[in-house]
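Participant: The structure is given below, and queries will be raised subsequently.
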Amino acid sequence: MGFAGWPIRRAGALFPLLAGVVQAPASVQAAEARQDNAGQLADGSTAQVITLTAANGVSAKVLSYGATLQSLIAPDRDGKLADVLLGYDTVQAYEAHPSFFGVTVGRYANRIAGGRFTLDGQTFQLPLNDKTNSLHGGVKGFDKRNWQVVAVRSGPVASVRLSYVSADGEEGFPGTLRVAVTYALDDQGGLTITFEATTDKSTVVNLTNHALFNLAGDGAPVGAMGHRLTIPAARYTPVDARLIPTGELRPVAGSVFDFREPRRIADGLRDASDQQILFGRGYDHNFVIDKGLTAQPGLVARLEDPESGRVLDVLSTEPGVQLYTGNFLDGTVPGKSGRLYRMGDGLALEPQKFPDSPNQPGFISARVDPGQTYRHVMIYRMSTAPRPR
């Protein structure tokens, strides 16, 4: 099936100060939002958990710590509900064992080579928390901050808005960055995540969500590598041994990176004949989405579990999506329900600007200047497919 005919929801304003959240059509049914205490963090502050519930059975839990998507519960083709996200049962576990499960990553998602970039002739050095690189915002990125809950609303769209102010120089980045993240669940079960940020100095920004999915359900006896994946991308960004893009936009045709038609992830996951798979220990690569950078969210990936019938469409305004097959999950820390996660138990599909774009003049710029508003809208849309005949 091609992508041209797939629907894209139109954008509209949800909050007066946060335009652009995608809304569902008007409905007599409503989605509900509830806020509760999630427990105390190491610094003595209290984390919050907001539960969003849609009329069709889809529900999501959002933690203020890390602006984290803790769970996404969806029915299979027979109506059985399951949580399709890897993660932890408690906020204290997210703090004690950071693994990026479902968090908001920033200021810069993915890697920056050498933790260094230059803006207007000035060089900025970031912490090196990924061997020789900066990864996902540094040692204490947005995933390790307790965000403020600004608004919680029920209605045709159930939503929570969270905010965080990142100080000038935090983790080495220039500029005071004021960030807002909104999770909005419509009564059809589509979860829209909207990121917005403004700065008082020129800086770089690349925000996304780092959910790891297993559509069979968290704790299912089989992992997620039997899922079928489609990515509308004719090119990807190959990496060197440090997992930093070389700058090339390489065609996927004839390689294990060709997901333009639905294909089992496992089929190329351990293909040692491809040097890129060796570098990544599996898939840990950015795909150049054919639609490019767009004002409205368009499809960047479709994930299907043939057994349960669950289908996930990921839409985004961003020009790239990172496929990560959980290559560094090593079974050392129990996740939800005491399950030890290992490689292949889940996968991330992270819409984004390209990795290391501050150092890659041929990539779309991640620069944000005073007076501009950074904005990224992405959607996780759950549905089901009928049982094959």
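Following the order of the structure tokens, first chain is A, next is B, and so on, with residues numbered from 1 inside each chain and ligands from 1 in the order they appear.
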Taking the backbone alone, and naming residues the way the document does, which bits of segment 66-223 of chain A are strand (DSSP E) by DSSP, as number ranges by chain?
Facilitator: A: 68-75, 81-83, 104-105, 111-113, 116-119, 122-125, 133-135, 148-153, 157-166, 177-186, 190-199, 203-204, 208-209, 212-213
Participant: For the contact check between segment 268-380 of chain A and segment 120-126 of chain A, emit one row per residue of segment 268-380 of chain A within 12 Å, containing the shortest atom pair and the distance in Å rounded to one decimal, counting only C-alpha atoms, chain then rising number order, as a tab-separated table.
Facilitator:
residue	atom	partner	partner_atom	distance
A:Pro358	CA	A:Phe124	CA	10.9
A:Asn359	CA	A:Thr123	CA	11.1
A:Arg367	CA	A:Asp120	CA	10.9
A:Asp369	CA	A:Asp120	CA	11.4
Participant: With C-alpha atoms retained, write the just-selected residues as a JSON list (two decimals), in the first residue's frame.
Facilitator:
[["chain", "number", "residue", "atom", "x", "y", "z"],
["A", 358, "PRO", "CA", 24.69, 21.47, 14.03],
["A", 359, "ASN", "CA", 27.91, 20.10, 12.50],
["A", 367, "ARG", "CA", 19.07, 26.50, 14.80],
["A", 369, "ASP", "CA", 16.94, 32.37, 17.12]]
Participant: Can you pull out every residue from segment 29-207 of chain A that DSSP, working from the backbone, puts in alpha helix (DSSP H), and format the result as a list in words?
Facilitator: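 Put together, the selection reads Val91, Gln92, Ala93, Tyr94, Glu95 and Ala96 of chain A.
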Participant: Filtering to C-alpha atoms, could you give me those residues as a CSV table (one decimal), in the first residue's frame?
Facilitator:
chain,number,residue,atom,x,y,z
A,91,VAL,CA,8.6,7.3,38.9
A,92,GLN,CA,11.4,6.4,41.4
A,93,ALA,CA,12.6,3.7,38.9
A,94,TYR,CA,12.7,6.2,36.1
A,95,GLU,CA,14.9,8.4,38.3
A,96,ALA,CA,17.1,5.5,39.6
Participant: Applying 7 Å and only C-alpha atoms, which residues near Val165 of chain A remain after dropping the ones on its own chain fewer than 6 positions away? List them as a ChimeraX atom specification.
Facilitator: /A:177-179
Participant: Could the residues in this selection be written to a file with C-alpha atoms, as a JSON list (two decimals), in the first residue's frame?
Facilitator:
[["chain", "number", "residue", "atom", "x", "y", "z"],
["A", 177, "LEU", "CA", 15.00, 28.03, 26.58],
["A", 178, "ARG", "CA", 11.33, 28.07, 27.59],
["A", 179, "VAL", "CA", 9.77, 24.75, 26.61]]
Participant: Which residues, written as a ChimeraX atom specification, have at least one atom at most 9 Å from Asp218 of chain A, with only C-alpha atoms counted and residues fewer than 3 positions away on the same chain left out?
Facilitator: /A:82-87,213-215,221,223,336-337,339,345-346
Participant: Let me see the file: selected residues, N, CA and C atoms, as a PDB file, in the first residue's frame.
Facilitator:
ATOM      1  N   ALA A  82      -3.793  -3.897  26.334  1.00  0.00           N
ATOM      2  CA  ALA A  82      -2.424  -4.132  26.795  1.00  0.00           C
ATOM      3  C   ALA A  82      -1.639  -2.842  26.677  1.00  0.00           C
ATOM      4  N   ASP A  83      -0.657  -2.698  27.548  1.00  0.00           N
ATOM      5  CA  ASP A  83       0.279  -1.573  27.495  1.00  0.00           C
ATOM      6  C   ASP A  83       1.329  -1.884  26.439  1.00  0.00           C
ATOM      7  N   VAL A  84       1.488  -1.003  25.456  1.00  0.00           N
ATOM      8  CA  VAL A  84       2.398  -1.279  24.338  1.00  0.00           C
ATOM      9  C   VAL A  84       3.749  -0.591  24.492  1.00  0.00           C
ATOM     10  N   LEU A  85       4.036  -0.021  25.676  1.00  0.00           N
ATOM     11  CA  LEU A  85       5.296   0.691  25.906  1.00  0.00           C
ATOM     12  C   LEU A  85       6.161  -0.031  26.924  1.00  0.00           C
ATOM     13  N   LEU A  86       7.462  -0.059  26.672  1.00  0.00           N
ATOM     14  CA  LEU A  86       8.421  -0.468  27.682  1.00  0.00           C
ATOM     15  C   LEU A  86       8.585   0.671  28.683  1.00  0.00           C
ATOM     16  N   GLY A  87       8.932   0.329  29.915  1.00  0.00           N
ATOM     17  CA  GLY A  87       9.123   1.363  30.917  1.00  0.00           C
ATOM     18  C   GLY A  87       9.156   0.782  32.305  1.00  0.00           C
ATOM     19  N   PHE A 213       8.343   0.697  21.774  1.00  0.00           N
ATOM     20  CA  PHE A 213       7.079   0.001  21.565  1.00  0.00           C
ATOM     21  C   PHE A 213       7.267  -1.502  21.432  1.00  0.00           C
ATOM     22  N   ASN A 214       6.312  -2.232  21.983  1.00  0.00           N
ATOM     23  CA  ASN A 214       6.077  -3.624  21.648  1.00  0.00           C
ATOM     24  C   ASN A 214       4.575  -3.773  21.511  1.00  0.00           C
ATOM     25  N   LEU A 215       4.089  -3.839  20.283  1.00  0.00           N
ATOM     26  CA  LEU A 215       2.648  -3.834  20.049  1.00  0.00           C
ATOM     27  C   LEU A 215       1.980  -5.121  20.518  1.00  0.00           C
ATOM     28  N   PRO A 221       5.762 -12.685  25.642  1.00  0.00           N
ATOM     29  CA  PRO A 221       6.891 -13.627  25.602  1.00  0.00           C
ATOM     30  C   PRO A 221       7.801 -13.438  24.401  1.00  0.00           C
ATOM     31  N   GLY A 223       9.517 -10.672  21.571  1.00  0.00           N
ATOM     32  CA  GLY A 223       9.839  -9.264  21.468  1.00  0.00           C
ATOM     33  C   GLY A 223       9.097  -8.607  20.323  1.00  0.00           C
ATOM     34  N   LYS A 336       8.623  -2.934  33.690  1.00  0.00           N
ATOM     35  CA  LYS A 336       7.257  -3.121  34.164  1.00  0.00           C
ATOM     36  C   LYS A 336       6.994  -4.591  34.482  1.00  0.00           C
ATOM     37  N   SER A 337       6.282  -4.821  35.578  1.00  0.00           N
ATOM     38  CA  SER A 337       5.892  -6.172  36.003  1.00  0.00           C
ATOM     39  C   SER A 337       7.091  -7.088  36.193  1.00  0.00           C
ATOM     40  N   ARG A 339       9.747  -7.513  34.334  1.00  0.00           N
ATOM     41  CA  ARG A 339      10.337  -8.093  33.129  1.00  0.00           C
ATOM     42  C   ARG A 339      11.730  -7.500  32.886  1.00  0.00           C
ATOM     43  N   ASP A 345      13.363  -6.311  22.520  1.00  0.00           N
ATOM     44  CA  ASP A 345      12.089  -6.358  23.226  1.00  0.00           C
ATOM     45  C   ASP A 345      11.197  -5.174  22.872  1.00  0.00           C
ATOM     46  N   GLY A 346      11.777  -4.115  22.321  1.00  0.00           N
ATOM     47  CA  GLY A 346      10.999  -2.965  21.898  1.00  0.00           C
ATOM     48  C   GLY A 346      11.787  -2.164  20.890  1.00  0.00           C
TER      49      GLY A 346
END
Participant: Taking only residues of segment 201-315 of chain A that have an atom at most 12 Å from an atom of segment 101-112 of chain A, what is each one's shortest atom pair and its distance in Å to one decimal, using only C-alpha atoms, in chain and number order, as a tab-separated table?
Facilitator:
residue	atom	partner	partner_atom	distance
A:Thr203	CA	A:Arg107	CA	9.4
A:Val204	CA	A:Tyr108	CA	7.1
A:Val205	CA	A:Arg107	CA	5.4
A:Asn206	CA	A:Tyr108	CA	4.5
A:Leu207	CA	A:Gly106	CA	5.2
A:Thr208	CA	A:Val105	CA	5.8
A:Asn209	CA	A:Thr104	CA	4.8
A:His210	CA	A:Gly102	CA	4.7
A:Ala211	CA	A:Gly102	CA	3.7
A:Leu212	CA	A:Phe101	CA	6.2
A:Phe213	CA	A:Gly102	CA	9.2
A:Val239	CA	A:Arg111	CA	11.0
A:Arg242	CA	A:Arg111	CA	9.5
A:Leu243	CA	A:Arg111	CA	7.9
A:Ile244	CA	A:Arg111	CA	6.9
A:Pro245	CA	A:Arg111	CA	9.1
A:Asp284	CA	A:Asn110	CA	10.1
A:His285	CA	A:Asn110	CA	10.0
A:Asn286	CA	A:Asn110	CA	9.5
Participant: Find the spatial neighbours of segment 317-331 of chain A, counting only C-alpha atoms, within a cut-off of 8 Å - ignore same-chain residues fewer than 4 positions away - and output them as a ChimeraX atom specification.
Facilitator: /A:212,225,280-298,300,340-354,376-378
Participant: Filtering to C-alpha atoms, could you give me those residues as a PDB file, in the first residue's frame?
Facilitator:
ATOM      1  CA  LEU A 212       9.943   2.071  22.959  1.00  0.00           C
ATOM      2  CA  MET A 225      11.295  -7.742  16.039  1.00  0.00           C
ATOM      3  CA  GLY A 280      24.680   0.120  15.231  1.00  0.00           C
ATOM      4  CA  ARG A 281      24.538  -3.387  16.728  1.00  0.00           C
ATOM      5  CA  GLY A 282      21.257  -3.476  14.846  1.00  0.00           C
ATOM      6  CA  TYR A 283      19.197  -0.538  13.644  1.00  0.00           C
ATOM      7  CA  ASP A 284      20.123   2.802  15.215  1.00  0.00           C
ATOM      8  CA  HIS A 285      19.776   5.041  12.174  1.00  0.00           C
ATOM      9  CA  ASN A 286      17.964   8.118  10.920  1.00  0.00           C
ATOM     10  CA  PHE A 287      15.745   7.863   7.849  1.00  0.00           C
ATOM     11  CA  VAL A 288      15.239  10.830   5.508  1.00  0.00           C
ATOM     12  CA  ILE A 289      11.457  11.022   5.225  1.00  0.00           C
ATOM     13  CA  ASP A 290      10.309  11.692   1.668  1.00  0.00           C
ATOM     14  CA  LYS A 291       7.860  14.433   2.727  1.00  0.00           C
ATOM     15  CA  GLY A 292      10.632  16.510   4.350  1.00  0.00           C
ATOM     16  CA  LEU A 293       9.997  19.226   6.943  1.00  0.00           C
ATOM     17  CA  THR A 294       6.300  20.120   6.853  1.00  0.00           C
ATOM     18  CA  ALA A 295       3.889  22.514   8.551  1.00  0.00           C
ATOM     19  CA  GLN A 296       1.389  19.727   9.287  1.00  0.00           C
ATOM     20  CA  PRO A 297       2.226  16.237  10.563  1.00  0.00           C
ATOM     21  CA  GLY A 298       2.606  13.580   7.892  1.00  0.00           C
ATOM     22  CA  VAL A 300       6.845   8.881   9.042  1.00  0.00           C
ATOM     23  CA  LEU A 340      14.032  -7.932  32.173  1.00  0.00           C
ATOM     24  CA  TYR A 341      14.246  -6.078  28.872  1.00  0.00           C
ATOM     25  CA  ARG A 342      16.751  -7.320  26.322  1.00  0.00           C
ATOM     26  CA  MET A 343      17.718  -6.324  22.794  1.00  0.00           C
ATOM     27  CA  GLY A 344      14.727  -6.463  20.494  1.00  0.00           C
ATOM     28  CA  ASP A 345      12.089  -6.358  23.226  1.00  0.00           C
ATOM     29  CA  GLY A 346      10.999  -2.965  21.898  1.00  0.00           C
ATOM     30  CA  LEU A 347      11.804  -0.380  19.269  1.00  0.00           C
ATOM     31  CA  ALA A 348      11.771   3.402  19.104  1.00  0.00           C
ATOM     32  CA  LEU A 349      10.589   5.510  16.180  1.00  0.00           C
ATOM     33  CA  GLU A 350      11.803   9.013  17.023  1.00  0.00           C
ATOM     34  CA  PRO A 351      10.748  11.861  14.686  1.00  0.00           C
ATOM     35  CA  GLN A 352      13.503  14.471  14.637  1.00  0.00           C
ATOM     36  CA  LYS A 353      15.936  16.726  12.880  1.00  0.00           C
ATOM     37  CA  PHE A 354      18.896  14.681  11.677  1.00  0.00           C
ATOM     38  CA  HIS A 376       7.298  19.943  16.475  1.00  0.00           C
ATOM     39  CA  VAL A 377       3.959  18.115  16.297  1.00  0.00           C
ATOM     40  CA  MET A 378       3.943  14.329  16.342  1.00  0.00           C
TER      41      MET A 378
END
Participant: Please compute the atom CA of Gly338 of chain A-atom CA of Ala74 of chain A distance, one decimal, in Å.
Facilitator: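 Between these atoms lies a distance of 20.7 Å.
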Participant: Name the closest residue to Arg263 of chain A among the candidates A:Gly57, A:Pro75, A:Gly155, A:Pro306; distances are taken between atoms, counting only C-alpha atoms.
Facilitator: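 Looking only at the distances to Arg263 of chain A, the closest residue turns out to be A:Pro306.
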Participant: Near Val49 of chain A, counting only C-alpha atoms, which residues have an atom at most 9 Å away, once you skip same-chain residues fewer than 5 positions from it, shown as a list of chain:residue names?
Facilitator: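 With the cut-off at 9 Å, the set is A:Arg34, A:Gln35, A:Asp36, A:Asn37, A:Ala38, A:Gly39, A:Lys61, A:Val62, A:Leu63, A:Ser64, A:Tyr65, A:Gln70, A:Val91.
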Participant: Which polymer residues have any atom within 12 Å of an atom of Arg387 of chain A, counting only C-alpha atoms, with same-chain residues fewer than 3 positions away left out, as a list in words?
Facilitator: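 Final neighbour list, sorted by chain and number: Asp76, Arg77, Asp78, Asp305, Pro306, Glu307, Ser308, Gly309, Arg310 and Thr384 of chain A.
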Participant: Enter the distance from atom CA of Glu171 of chain A to atom CA of Thr373 of chain A, in Å, rounded to one decimal.
Facilitator: 20.9 Å
Participant: What's the separation between atom CA of Gly217 of chain A and atom CA of Ser255 of chain A, in Å to one decimal place?
Facilitator: 29.5 Å
Participant: Pick out the closest residue to Asn133 of chain A from this set: A:Tyr164, A:Ala241, A:Glu261, A:Thr176. Count only C-alpha atoms.
Facilitator: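 The closest residue to Asn133 of chain A is A:Ala241.
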